[in-house]
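A quick write-up on the structure given underneath.
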Amino acid sequence: MHDSGGITIKSEVYPQKIIEYTRENDIGLFLIVAPYPTNDDHELVYNRVHEIANHYELS
């Protein structure tokens with residue numbers, strides 16, 4: 001995965017652990033983003049989470 005910025009390495013680890021845990025235990029996982037006003041920093045975070053989800057082939 002390449003880094004698009006927006007979140008720290010530590011902040012990336014926990015979503016990845018959750019995704020891996022749900023897969024190992026056959027638990028469905030659904031990610032959703034509710035509409036809200038954003039700024040450039042929020043967009044960086046959203047984009048990074050999106051990249052993580054794509055890496056794990058979540059839709």
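Labels for the structure tokens follow display order: chains A, B, ..., residues from 1 in each chain, ligands from 1.
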Leaving out region 14-29 of chain A and any residue of its chain fewer than 5 positions from it, which residues lie within 9 Å of it when counting only C-alpha atoms, given as a ChimeraX atom specification? /A:49,52-53,56,58
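As for CA of Gly6 (chain A) and CA of Ser59 (chain A), they are spaced 20.7 Å apart.
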Å distance separating CA of Ala34 (chain A) from CA of Val13 (chain A), one decimal place: 22.5 Å
Give the alpha helix (DSSP H) residues of chain A, as DSSP finds them on the backbone, and put them as a PyMOL selection string. chain A and resi 9-24+40-55
Work out how far CA of Lys10 (chain A) is from CA of Ile32 (chain A), in Å to one decimal.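 About the pair CA of Ile32 (chain A) and CA of Lys10 (chain A): they are 21.1 Å apart.
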Could you pull the residues within 12 Å of region 36-45 of chain A, counting only C-alpha atoms, minus those fewer than 3 positions along the same chain, as a PyMOL selection string? chain A and resi 3-9+11-12+33+48-52
